[in-house]
>>> print(open('entry-v4.pdb').read())   # PDB, C-alpha atoms
ATOM      1  CA  MET A   1       1.954  29.497  16.960
ATOM      2  CA  PHE A   2      -0.692  28.543  14.391
ATOM      3  CA  TYR A   3      -3.652  30.109  16.164
ATOM      4  CA  ILE A   4      -1.793  33.368  16.773
ATOM      5  CA  HIS A   5      -0.999  33.440  13.033
ATOM      6  CA  ARG A   6      -4.685  32.948  12.227
ATOM      7  CA  ILE A   7      -5.720  35.767  14.557
ATOM      8  CA  GLN A   8      -3.059  38.095  13.183
ATOM      9  CA  ASN A   9      -4.183  37.531   9.581
ATOM     10  CA  ALA A  10      -7.921  37.605  10.201
ATOM     11  CA  ASP A  11     -10.260  40.237   8.775
ATOM     12  CA  PHE A  12     -11.110  41.856  12.098
ATOM     13  CA  SER A  13     -13.995  43.893  10.689
ATOM     14  CA  LYS A  14     -15.916  40.619  10.280
ATOM     15  CA  LEU A  15     -15.049  39.008  13.596
ATOM     16  CA  LYS A  16     -16.943  39.039  16.887
ATOM     17  CA  PRO A  17     -15.195  39.146  20.272
ATOM     18  CA  SER A  18     -16.559  35.691  21.102
ATOM     19  CA  SER A  19     -14.805  34.102  18.116
ATOM     20  CA  ILE A  20     -11.519  35.891  18.854
ATOM     21  CA  ARG A  21     -11.722  34.809  22.493
ATOM     22  CA  ARG A  22     -12.142  31.174  21.437
ATOM     23  CA  ALA A  23      -9.108  31.441  19.159
ATOM     24  CA  ASN A  24      -7.142  33.143  21.939
ATOM     25  CA  ALA A  25      -7.978  30.346  24.368
ATOM     26  CA  LYS A  26      -6.347  27.909  21.933
ATOM     27  CA  ALA A  27      -3.396  30.264  21.507
ATOM     28  CA  TRP A  28      -2.878  30.367  25.305
ATOM     29  CA  LYS A  29      -2.667  26.557  25.420
ATOM     30  CA  MET A  30      -0.122  26.626  22.599
ATOM     31  CA  GLN A  31       1.769  29.400  24.401
ATOM     32  CA  LYS A  32       2.036  27.297  27.561
ATOM     33  CA  ARG A  33       3.528  24.392  25.606
ATOM     34  CA  VAL A  34       6.012  26.165  23.371
ATOM     35  CA  ALA A  35       6.699  29.621  24.804
ATOM     36  CA  GLU A  36       6.780  29.263  28.591
ATOM     37  CA  TYR A  37       8.926  27.343  31.059
ATOM     38  CA  PRO A  38       7.396  25.684  34.137
ATOM     39  CA  SER A  39       6.083  28.544  36.275
ATOM     40  CA  PRO A  40       7.804  29.382  39.576
ATOM     41  CA  SER A  41       6.130  28.020  42.688
ATOM     42  CA  MET A  42       4.680  30.448  45.216
ATOM     43  CA  GLU A  43       4.341  30.400  48.977
ATOM     44  CA  LYS A  44       0.633  31.033  48.444
ATOM     45  CA  VAL A  45      -1.767  31.729  45.574
ATOM     46  CA  GLU A  46      -5.337  32.731  46.305
ATOM     47  CA  ASN A  47      -8.301  33.617  44.073
ATOM     48  CA  ILE A  48     -10.780  36.145  45.447
ATOM     49  CA  ASP A  49     -13.771  38.094  44.157
ATOM     50  CA  ILE A  50     -13.795  41.735  45.199
ATOM     51  CA  SER A  51     -16.551  44.343  45.025
ATOM     52  CA  VAL A  52     -16.314  47.374  42.737
ATOM     53  CA  ARG A  53     -18.261  50.605  42.737
ATOM     54  CA  ASP A  54     -21.376  49.476  40.842
ATOM     55  CA  GLY A  55     -21.964  46.609  43.275
ATOM     56  CA  GLU A  56     -20.582  43.969  40.915
ATOM     57  CA  LYS A  57     -17.638  41.715  41.651
ATOM     58  CA  ILE A  58     -14.426  41.082  39.744
ATOM     59  CA  PRO A  59     -11.783  38.387  40.335
ATOM     60  CA  VAL A  60      -8.267  38.997  41.592
ATOM     61  CA  ARG A  61      -5.451  36.501  42.087
ATOM     62  CA  VAL A  62      -2.957  37.074  44.891
ATOM     63  CA  TYR A  63       0.577  35.695  44.541
ATOM     64  CA  LYS A  64       2.724  35.562  47.686
ATOM     65  CA  PRO A  65       6.246  34.449  46.702
ATOM     66  CA  SER A  66       7.815  33.901  50.137
ATOM     67  CA  LYS A  67       7.227  33.812  53.880
ATOM     68  CA  GLU A  68       8.632  37.308  54.283
ATOM     69  CA  THR A  69       6.510  40.182  55.554
ATOM     70  CA  GLN A  70       6.121  43.827  54.542
ATOM     71  CA  LEU A  71       6.367  42.847  50.901
ATOM     72  CA  LYS A  72       6.223  45.405  48.150
ATOM     73  CA  THR A  73       2.774  45.079  46.581
ATOM     74  CA  ILE A  74       2.289  45.063  42.799
ATOM     75  CA  VAL A  75      -1.199  45.582  41.395
ATOM     76  CA  PHE A  76      -1.004  44.022  37.921
ATOM     77  CA  TYR A  77      -3.332  44.672  34.963
ATOM     78  CA  HIS A  78      -3.189  42.197  32.077
ATOM     79  CA  GLY A  79      -3.087  43.102  28.403
ATOM     80  CA  GLY A  80      -5.426  41.996  25.622
ATOM     81  CA  GLY A  81      -6.744  45.153  23.984
ATOM     82  CA  PHE A  82      -9.410  45.619  26.700
ATOM     83  CA  VAL A  83     -11.336  42.803  24.964
ATOM     84  CA  LEU A  84      -9.235  39.656  25.377
ATOM     85  CA  ARG A  85      -7.192  37.720  27.917
ATOM     86  CA  ASN A  86      -7.593  37.368  31.660
ATOM     87  CA  ILE A  87      -5.829  36.442  34.895
ATOM     88  CA  ASP A  88      -5.016  32.953  33.607
ATOM     89  CA  SER A  89      -3.337  34.188  30.424
ATOM     90  CA  HIS A  90      -0.850  36.191  32.516
ATOM     91  CA  ASP A  91      -0.402  33.694  35.353
ATOM     92  CA  ASP A  92       3.145  32.745  34.359
ATOM     93  CA  LEU A  93       4.271  36.354  33.934
ATOM     94  CA  CYS A  94       2.836  37.327  37.322
ATOM     95  CA  ARG A  95       4.564  34.386  38.981
ATOM     96  CA  ARG A  96       7.901  35.275  37.412
ATOM     97  CA  ILE A  97       7.543  38.906  38.470
ATOM     98  CA  ALA A  98       6.538  37.925  42.017
ATOM     99  CA  LYS A  99       9.467  35.510  42.331
ATOM    100  CA  LYS A 100      12.083  37.869  40.891
ATOM    101  CA  THR A 101      10.964  40.956  42.834
ATOM    102  CA  ASN A 102       9.908  39.082  45.993
ATOM    103  CA  ALA A 103       6.776  41.208  45.866
ATOM    104  CA  LEU A 104       3.154  40.402  46.568
ATOM    105  CA  VAL A 105       1.415  40.482  43.176
ATOM    106  CA  ILE A 106      -2.321  41.091  42.887
ATOM    107  CA  SER A 107      -3.521  40.365  39.343
ATOM    108  CA  VAL A 108      -6.800  42.067  38.451
ATOM    109  CA  GLY A 109      -9.525  40.510  36.313
ATOM    110  CA  TYR A 110     -11.187  43.741  35.217
ATOM    111  CA  ARG A 111     -14.323  43.445  33.098
ATOM    112  CA  LEU A 112     -13.806  43.373  29.352
ATOM    113  CA  ALA A 113     -15.244  45.294  26.415
ATOM    114  CA  PRO A 114     -17.481  45.346  24.470
ATOM    115  CA  GLU A 115     -19.742  44.025  27.210
ATOM    116  CA  PHE A 116     -18.188  46.578  29.575
ATOM    117  CA  LYS A 117     -16.944  49.564  27.633
ATOM    118  CA  PHE A 118     -14.822  52.535  28.691
ATOM    119  CA  PRO A 119     -14.612  53.747  31.402
ATOM    120  CA  ILE A 120     -15.809  50.649  33.309
ATOM    121  CA  PRO A 121     -12.464  48.755  33.063
ATOM    122  CA  VAL A 122     -10.599  51.871  34.263
ATOM    123  CA  TYR A 123     -12.707  52.137  37.393
ATOM    124  CA  ASP A 124     -12.512  48.392  37.994
ATOM    125  CA  CYS A 125      -8.735  48.782  38.023
ATOM    126  CA  TYR A 126      -8.807  51.826  40.291
ATOM    127  CA  ASP A 127     -11.214  50.121  42.706
ATOM    128  CA  ALA A 128      -8.888  47.097  42.751
ATOM    129  CA  LEU A 129      -6.006  49.427  43.670
ATOM    130  CA  VAL A 130      -8.047  50.818  46.576
ATOM    131  CA  TRP A 131      -8.950  47.280  47.661
ATOM    132  CA  ALA A 132      -5.281  46.245  47.471
ATOM    133  CA  SER A 133      -4.193  49.162  49.644
ATOM    134  CA  GLU A 134      -6.792  48.221  52.260
ATOM    135  CA  ASN A 135      -6.270  44.453  52.181
ATOM    136  CA  CYS A 136      -2.732  43.572  51.047
ATOM    137  CA  SER A 137      -1.492  43.359  54.630
ATOM    138  CA  LYS A 138      -3.556  40.152  54.990
ATOM    139  CA  TRP A 139      -0.919  38.528  52.760
ATOM    140  CA  ASP A 140       1.985  40.451  54.320
ATOM    141  CA  GLY A 141       1.954  43.133  51.651
ATOM    142  CA  ASN A 142       3.038  46.647  52.520
ATOM    143  CA  PRO A 143       0.234  49.177  51.847
ATOM    144  CA  SER A 144       2.830  51.957  51.923
ATOM    145  CA  ASP A 145       4.731  50.488  48.970
ATOM    146  CA  ILE A 146       2.271  49.848  46.143
ATOM    147  CA  VAL A 147       3.236  49.580  42.474
ATOM    148  CA  VAL A 148       0.868  49.646  39.487
ATOM    149  CA  MET A 149       1.991  47.545  36.534
ATOM    150  CA  GLY A 150       0.559  46.306  33.270
ATOM    151  CA  ASP A 151       1.344  45.200  29.746
ATOM    152  CA  SER A 152      -0.199  46.675  26.588
ATOM    153  CA  ALA A 153      -3.819  47.537  27.459
ATOM    154  CA  GLY A 154      -2.862  46.796  31.051
ATOM    155  CA  GLY A 155      -0.121  49.425  30.759
ATOM    156  CA  ASN A 156      -2.777  51.874  29.638
ATOM    157  CA  LEU A 157      -4.912  50.960  32.657
ATOM    158  CA  ALA A 158      -1.934  51.350  34.986
ATOM    159  CA  THR A 159      -1.353  54.900  33.696
ATOM    160  CA  ALA A 160      -5.039  55.755  34.022
ATOM    161  CA  THR A 161      -5.093  54.331  37.550
ATOM    162  CA  ALA A 162      -2.089  56.464  38.497
ATOM    163  CA  LEU A 163      -3.865  59.558  37.164
ATOM    164  CA  LEU A 164      -7.025  58.733  39.117
ATOM    165  CA  ALA A 165      -5.103  58.028  42.316
ATOM    166  CA  ARG A 166      -3.481  61.449  42.040
ATOM    167  CA  ASP A 167      -6.691  63.319  41.199
ATOM    168  CA  GLU A 168      -8.989  61.542  43.656
ATOM    169  CA  ASN A 169      -6.561  61.555  46.584
ATOM    170  CA  GLY A 170      -6.388  57.800  46.339
ATOM    171  CA  PRO A 171      -3.755  55.341  47.525
ATOM    172  CA  THR A 172      -0.164  56.489  47.221
ATOM    173  CA  ILE A 173       1.601  54.680  44.382
ATOM    174  CA  SER A 174       5.348  54.274  44.796
ATOM    175  CA  ARG A 175       6.182  53.241  41.202
ATOM    176  CA  GLN A 176       4.506  52.503  37.876
ATOM    177  CA  VAL A 177       5.748  49.888  35.403
ATOM    178  CA  LEU A 178       4.418  50.168  31.865
ATOM    179  CA  ILE A 179       5.201  47.244  29.561
ATOM    180  CA  TYR A 180       4.685  48.206  25.883
ATOM    181  CA  PRO A 181       1.680  50.348  26.869
ATOM    182  CA  CYS A 182      -0.964  51.701  24.481
ATOM    183  CA  LEU A 183      -1.339  55.387  25.334
ATOM    184  CA  ASP A 184      -3.035  57.173  22.440
ATOM    185  CA  ALA A 185      -6.242  55.706  20.997
ATOM    186  CA  ARG A 186      -6.069  58.019  17.971
ATOM    187  CA  LEU A 187      -3.482  55.606  16.490
ATOM    188  CA  LYS A 188      -1.610  58.461  14.816
ATOM    189  CA  TYR A 189       2.042  57.727  15.580
ATOM    190  CA  PRO A 190       4.392  56.739  12.707
ATOM    191  CA  SER A 191       5.279  53.364  14.244
ATOM    192  CA  ILE A 192       1.601  52.369  14.001
ATOM    193  CA  ASP A 193       2.019  52.247  10.227
ATOM    194  CA  GLU A 194       5.673  51.219  10.202
ATOM    195  CA  PHE A 195       4.822  47.987  12.040
ATOM    196  CA  LYS A 196       1.179  47.684  11.023
ATOM    197  CA  ASP A 197       1.518  44.077   9.797
ATOM    198  CA  GLY A 198       3.691  41.076  10.518
ATOM    199  CA  TYR A 199       4.652  41.750  14.147
ATOM    200  CA  LEU A 200       1.824  39.988  16.015
ATOM    201  CA  LEU A 201      -0.038  43.188  16.975
ATOM    202  CA  THR A 202      -1.452  44.739  13.793
ATOM    203  CA  LYS A 203      -3.044  48.092  13.065
ATOM    204  CA  ASP A 204      -6.316  46.377  12.135
ATOM    205  CA  MET A 205      -6.316  44.654  15.536
ATOM    206  CA  MET A 206      -5.798  47.971  17.306
ATOM    207  CA  LEU A 207      -8.646  49.629  15.407
ATOM    208  CA  TRP A 208     -10.870  46.685  16.338
ATOM    209  CA  PHE A 209      -9.860  46.979  19.996
ATOM    210  CA  VAL A 210     -10.488  50.746  20.095
ATOM    211  CA  ASN A 211     -13.868  50.412  18.401
ATOM    212  CA  HIS A 212     -14.979  47.789  20.911
ATOM    213  CA  TYR A 213     -13.604  49.641  23.937
ATOM    214  CA  ALA A 214     -14.861  53.170  23.236
ATOM    215  CA  SER A 215     -18.424  54.047  24.206
ATOM    216  CA  SER A 216     -18.378  57.013  21.806
ATOM    217  CA  PRO A 217     -15.892  58.580  19.354
ATOM    218  CA  ASN A 218     -15.116  61.294  21.920
ATOM    219  CA  ASP A 219     -13.762  58.718  24.353
ATOM    220  CA  ILE A 220     -10.506  58.427  22.433
ATOM    221  CA  LEU A 221      -9.708  62.019  23.472
ATOM    222  CA  ASN A 222     -10.308  61.300  27.150
ATOM    223  CA  ALA A 223      -7.072  61.182  29.168
ATOM    224  CA  LEU A 224      -8.242  58.022  30.936
ATOM    225  CA  MET A 225      -8.338  56.274  27.549
ATOM    226  CA  SER A 226      -5.457  58.184  25.921
ATOM    227  CA  PRO A 227      -3.133  59.245  28.759
ATOM    228  CA  LEU A 228      -0.791  60.944  26.274
ATOM    229  CA  LEU A 229      -3.514  63.548  25.775
ATOM    230  CA  SER A 230      -3.623  64.459  29.455
ATOM    231  CA  GLU A 231      -3.093  68.183  30.026
ATOM    232  CA  ASP A 232      -1.487  67.468  33.399
ATOM    233  CA  LEU A 233       1.129  64.755  33.893
ATOM    234  CA  THR A 234       2.684  66.293  36.990
ATOM    235  CA  ASP A 235       3.077  64.566  40.366
ATOM    236  CA  LEU A 236       3.007  61.014  39.044
ATOM    237  CA  PRO A 237       4.961  58.053  40.447
ATOM    238  CA  PRO A 238       8.420  57.238  39.054
ATOM    239  CA  ALA A 239       7.936  55.194  35.896
ATOM    240  CA  PHE A 240       9.672  52.382  34.042
ATOM    241  CA  VAL A 241       8.489  52.471  30.430
ATOM    242  CA  SER A 242       9.504  49.547  28.220
ATOM    243  CA  ILE A 243       8.844  48.797  24.580
ATOM    244  CA  SER A 244       9.694  46.341  21.832
ATOM    245  CA  ASP A 245      11.736  47.628  18.907
ATOM    246  CA  HIS A 246       9.255  46.069  16.421
ATOM    247  CA  ASP A 247       6.028  47.282  17.996
ATOM    248  CA  PRO A 248       3.333  49.583  16.585
ATOM    249  CA  LEU A 249       3.161  51.191  20.050
ATOM    250  CA  LYS A 250       6.859  52.045  20.080
ATOM    251  CA  ASP A 251       6.577  55.778  19.341
ATOM    252  CA  GLU A 252       3.791  56.587  21.774
ATOM    253  CA  ALA A 253       5.552  54.787  24.626
ATOM    254  CA  GLU A 254       8.715  56.810  24.050
ATOM    255  CA  ASP A 255       6.721  60.031  23.728
ATOM    256  CA  TYR A 256       4.965  59.335  27.032
ATOM    257  CA  TYR A 257       8.323  58.801  28.690
ATOM    258  CA  HIS A 258       9.521  62.207  27.471
ATOM    259  CA  LYS A 259       6.291  63.882  28.564
ATOM    260  CA  LEU A 260       6.673  62.397  32.039
ATOM    261  CA  LEU A 261      10.167  63.883  32.257
ATOM    262  CA  GLU A 262       8.990  67.255  30.934
ATOM    263  CA  ALA A 263       6.311  67.297  33.651
ATOM    264  CA  GLY A 264       8.979  66.866  36.327
ATOM    265  CA  ASN A 265       8.597  63.158  37.002
ATOM    266  CA  LYS A 266      11.305  60.527  37.304
ATOM    267  CA  ALA A 267      11.237  57.974  34.500
ATOM    268  CA  ILE A 268      13.342  55.293  32.817
ATOM    269  CA  PHE A 269      12.849  54.111  29.236
ATOM    270  CA  LYS A 270      14.149  50.931  27.647
ATOM    271  CA  GLU A 271      13.669  49.495  24.165
ATOM    272  CA  TYR A 272      14.214  45.734  23.879
ATOM    273  CA  LYS A 273      16.018  44.809  20.684
ATOM    274  CA  GLY A 274      14.881  41.954  18.479
ATOM    275  CA  THR A 275      11.438  41.697  20.075
ATOM    276  CA  ILE A 276       7.785  42.076  19.143
ATOM    277  CA  HIS A 277       4.725  43.134  21.092
ATOM    278  CA  GLY A 278       3.861  40.497  23.675
ATOM    279  CA  PHE A 279       7.378  39.190  24.211
ATOM    280  CA  ALA A 280       7.053  39.405  28.013
ATOM    281  CA  ASN A 281       4.783  36.351  27.906
ATOM    282  CA  LEU A 282       7.153  34.308  25.710
ATOM    283  CA  PRO A 283      10.272  33.479  27.766
ATOM    284  CA  ARG A 284      11.181  30.368  25.739
ATOM    285  CA  LEU A 285      10.990  32.260  22.462
ATOM    286  CA  SER A 286      12.593  35.509  23.621
ATOM    287  CA  LYS A 287      15.481  35.732  26.063
ATOM    288  CA  GLN A 288      14.550  39.386  26.448
ATOM    289  CA  SER A 289      11.437  38.327  28.376
ATOM    290  CA  ASN A 290      13.513  37.399  31.416
ATOM    291  CA  VAL A 291      15.785  40.409  30.842
ATOM    292  CA  LEU A 292      12.668  42.564  31.120
ATOM    293  CA  VAL A 293      11.664  40.890  34.399
ATOM    294  CA  ASP A 294      15.216  41.404  35.715
ATOM    295  CA  ASP A 295      15.045  45.080  34.746
ATOM    296  CA  ILE A 296      11.691  45.495  36.477
ATOM    297  CA  ALA A 297      13.152  43.957  39.634
ATOM    298  CA  ALA A 298      16.132  46.326  39.484
ATOM    299  CA  PHE A 299      13.837  49.329  38.996
ATOM    300  CA  LEU A 300      11.679  48.371  41.963
ATOM    301  CA  ALA A 301      14.715  47.706  44.157
ATOM    302  CA  ASP A 302      16.420  51.016  43.351
TER
END
>>> encode(input="entry-v4.pdb", output="C-alpha cells")
Amino acid sequence: MFYIHRIQNADFSKLKPSSIRRANAKAWKMQKRVAEYPSPSMEKVENIDISVRDGEKIPVRVYKPSKETQLKTIVFYHGGGFVLRNIDSHDDLCRRIAKKTNALVISVGYRLAPEFKFPIPVYDCYDALVWASENCSKWDGNPSDIVVMGDSAGGNLATATALLARDENGPTISRQVLIYPCLDARLKYPSIDEFKDGYLLTKDMMLWFVNHYASSPNDILNALMSPLLSEDLTDLPPAFVSISDHDPLKDEAEDYYHKLLEAGNKAIFKEYKGTIHGFANLPRLSKQSNVLVDDIAAFLAD
C-alpha cells in the first residue's frame, strides 16, 4: 500500500487535488491487486448519464444482481472526502452489496470539489435519488423500497439526501445505511485527535477536504454539510450506522446515532473491532469488510 502511505504522510497544505487524484488512481490499482477478491458477477451492469438541476449531467452505474423483479433499490454515494474517488473506485463494494442483498444498486458519480463546491454535490445526490425513484423500475427495481447508502463522505451525502427528501417532500426512503460517515465539519470530536495520525484517514486530510469542499466558512455550520448540527432530526428513515474502532470519525458517528434515537427514529449502531477508516473496500486485508456487508444485508432484510 505504498501510494496510500505516501498520501497519508503528505503535507496536504502544499498539495493540489490534481496531484492527490493521480496518487489515488495508483492506490486504486494497488487496492485491486492486494486488497480485493475477484468481484461478483452481475446479471446486468449499465453506465448512464443523468441530468441534474443545473442542466449538467452526472454518471451513474446500475448494478442488477439477478433476474428477479421488484428489487430493493440502493442509491449509493461513494466516499473520498468530496474531492477524490469515483464510481470505479467503489465498483467492487457496490457489486458485493448488490450480490449479498439481492438489491438493485445505483452508484452515483456526483461532481467533486473544489471544482464543484458545497452544496453542488449534495444536490447532485438528491437529484440522483429522484431520478432513481422515477427510473429504477426499468431495471426491475422497486420505487417503493429505496435505500440511501454511502461510506465516509458518501455517508454524509446519504444523510443530507435523507434530510432533503423529508423537507422537500421527495421520494420516500425506506432505510439509510451510513458507513463510517463524516457528520460534523467542525472537526471537534475527541476521536479526531485521538486517531489523527497513523490510521489511513488523518486530521490533516480532513482539514484539506473541508477546506476544498466548503464555499465559505459558514458552510460548515449548515446541516447539509454537518448533519449533526441539524435542529430537526425527526421523521428520518431507520438507520444503520457503522464505524471503525480506529477512526477519527468514530465519536461523531456514535453521537449521530444517539441523536437519531433521541429524535424518535429507529437506528442500529455497530463498531467494527480491529479496523481503520476505509476497511469496507479492503476485503482481503480485513475480514470485517465482508462482515459489514453481511450486517447491511441483515439490516435491509429485517
>>> atom_distance(input="entry-v4.pdb", atom1="atom CA of Ile146 of chain A", atom2="atom CA of Ile74 of chain A")
5.8 Å
>>> atom_distance(input="entry-v4.pdb", atom1="atom CA of Lys287 of chain A", atom2="atom CA of Lys273 of chain A")
10.6 Å
>>> residues_around(input="entry-v4.pdb", residues="Leu249 of chain A", least_positions_apart="2", cutoff="7 Å", atoms="all atoms listed in the file", output="count of residues only")
8
>>> resolve_selection(input="entry-v4.pdb", expression="the PyMOL selection byres ((chain A and resi 133) around 9)", output="count of residues only")
17
>>> closest_residue(input="entry-v4.pdb", among="A:Val105, A:Leu224, A:Ile120, A:Leu157", to="Val60 of chain A", atoms="only C-alpha atoms")
A:Val105
>>> residues_around(input="entry-v4.pdb", residues="segment 174-178 of chain A", least_positions_apart="4", cutoff="7 Å", atoms="all atoms listed in the file", output="ChimeraX atom specification")
/A:145-151,155,237-242
>>> closest_residue(input="entry-v4.pdb", among="A:Leu71, A:Cys125, A:Val83, A:Val52", to="Ser19 of chain A", atoms="all atoms listed in the file")
A:Val83
